[in-house]
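S.K.: Starting off with a structure, shown below.
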Amino acid sequence: MISENDSVESSWTHVDSIKSVIEYFKLKQKNKLTNMSLQVKKRVRALKNLMVSQNEIESKFKDEVYLLRLKYQKEYEPYFNKLTNIVQGKYEPTKGEYSSSSEEEDVEGSKLNEILKLESCEQVPKGIPGFWYVFMKMSPKFRCIVQPCDDQILKHLSGIRYTRSDEYIVLTIEFYFTPNQWFTNDLLTLKFEKQYLNIKRKTIMLPIPPNTDFKITSGCDINWNTGKNVTQNNFTNQGIGDSCNEIVAETESFFNLFNDNSIKFERLFFEINFLPEYFDSIFLSAYMYNHIYYTLRVAEQYSHNILCKQLSDSEDNESD
């Protein structure tokens, strides 16, 4: 997190350092080429030209894969909608939709209720509480940019949708939120566009960052409620005499992803690690993370209950 004593420019540190590394390797490669003999230079240039031609074929291949995924996305849509509605509590599965579960799983479910004391709840929860929050906290794509200040907001995350555009090679990730005290938006969007790799024939380019296919082209405005913007830290700086200056410092937050006004570490990290294929199976990933989370929770509660019982037995023995 950026402290009050840090300047606003400190948020650029991560970006500047990576840019410096890129420039260093560019210069290093150029110096190596300068020290080569004429014949070796020709061979290196031939390699580069061949890679440029190969890259053109690779781009065509990826474009066709995009269109194929777009075709099947439309077939997935009814299933995706029903999955979303179950998680949000808008649809209750019928017996035919959940009857494939074995009796053993039902027994295990009863044990889970007993251990976690879920039966004592006065009200049955709506949908699957915390489904997407658990995903955000456990997914390697998100957990590195989710900060403690984001936790309470992300508990209101009710859905994540990933769509492809028909006309352009554009991908959009949509984050849906239930009403909360931080902002008035019920939808935040993040748009990616396909970037075609263009290797110049006069210089040798080092392929950094590793993912050069998609870049974030636009986020969205977040309508923060007064005093609830977690991407900013407001504090007062004592000036000369009795004057006081109010300073706004930018802080690290998941919600910096949606800010188009400046380059953020969160955006750079997300672009480098962005893989469309990962988001094609986002529901499966969220399901697996939730399964792991609740399994660990049950194990932890079970161990706690055993420990409490042992301590209770020990105290009874001492009293005897």
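Chain labels run A, B, ... following the order of the structure tokens; each chain numbers its residues from 1, and ligands are numbered from 1 in the order shown.
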Identify, on the basis of only C-alpha atoms, every residue whose closest approach to A:Asp186 does not exceed 9 Å; exclude the query and any residue fewer than 4 positions from it along the same chain; express the result as a list of chain:residue names.
M.R.: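 Near neighbours after the sequence-gap exclusion: A:Phe175, A:Tyr176, A:Phe177, A:Thr178, A:Pro179.
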S.K.: Do you know which residues are at most 10 Å from A:Glu277 counting only C-alpha atoms, after dropping those on the same chain fewer than 4 positions away, and could you put them as a PDB file with all heavy atoms, in the first residue's frame?
M.R.:
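Below is the file that was written, out_4.pdb:
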```
ATOM      1  N   ARG A  69     -14.308 -20.194 -31.092  1.00  0.00           N
ATOM      2  CA  ARG A  69     -14.740 -20.040 -29.702  1.00  0.00           C
ATOM      3  C   ARG A  69     -15.993 -19.169 -29.614  1.00  0.00           C
ATOM      4  O   ARG A  69     -16.858 -19.402 -28.772  1.00  0.00           O
ATOM      5  CB  ARG A  69     -13.609 -19.431 -28.860  1.00  0.00           C
ATOM      6  CG  ARG A  69     -12.438 -20.373 -28.648  1.00  0.00           C
ATOM      7  CD  ARG A  69     -11.423 -19.779 -27.680  1.00  0.00           C
ATOM      8  NE  ARG A  69     -10.295 -20.662 -27.461  1.00  0.00           N
ATOM      9  CZ  ARG A  69     -10.282 -21.670 -26.594  1.00  0.00           C
ATOM     10  NH1 ARG A  69     -11.368 -21.914 -25.862  1.00  0.00           N
ATOM     11  NH2 ARG A  69      -9.215 -22.419 -26.443  1.00  0.00           N
ATOM     12  N   SER A 281     -13.329 -21.140 -19.048  1.00  0.00           N
ATOM     13  CA  SER A 281     -13.733 -22.137 -18.048  1.00  0.00           C
ATOM     14  C   SER A 281     -13.767 -21.524 -16.649  1.00  0.00           C
ATOM     15  O   SER A 281     -13.444 -22.179 -15.665  1.00  0.00           O
ATOM     16  CB  SER A 281     -12.762 -23.321 -18.077  1.00  0.00           C
ATOM     17  OG  SER A 281     -11.428 -22.888 -17.856  1.00  0.00           O
ATOM     18  N   ILE A 282     -14.161 -20.249 -16.566  1.00  0.00           N
ATOM     19  CA  ILE A 282     -14.110 -19.527 -15.299  1.00  0.00           C
ATOM     20  C   ILE A 282     -15.056 -20.130 -14.266  1.00  0.00           C
ATOM     21  O   ILE A 282     -14.746 -20.169 -13.075  1.00  0.00           O
ATOM     22  CB  ILE A 282     -14.414 -18.032 -15.525  1.00  0.00           C
ATOM     23  CG1 ILE A 282     -14.098 -17.239 -14.254  1.00  0.00           C
ATOM     24  CG2 ILE A 282     -15.838 -17.795 -15.999  1.00  0.00           C
ATOM     25  CD1 ILE A 282     -14.122 -15.738 -14.462  1.00  0.00           C
TER      26      ILE A 282
END
```
S.K.: Fewer than 2 positions away in the same chain doesn't count, so skip those; otherwise give me all residues within 12 Å of A:Phe135, counting only C-alpha atoms, as a ChimeraX atom specification.
M.R.: /A:129-133,137-143,146,154-155,157-160,282-293
S.K.: For A:Ile145, which of A:Glu271, A:Phe265, A:Phe254, A:Phe279 is the closest residue, counting only C-alpha atoms?
M.R.: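 Of A:Glu271, A:Phe265, A:Phe254, A:Phe279, the one nearest A:Ile145, counting only C-alpha atoms, is A:Phe254.
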S.K.: Suppose you want the space between atom CA of A:Asp260 and atom CA of A:Ser218; what is it in Å?
M.R.: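 Going from atom CA of A:Asp260 over to atom CA of A:Ser218, I get 6.2 Å.
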S.K.: Just the number, please: distance in Å from atom CA of A:Leu68 to atom CA of A:Leu83, one decimal.
M.R.: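 Interatomic distance here is 22.5 Å.
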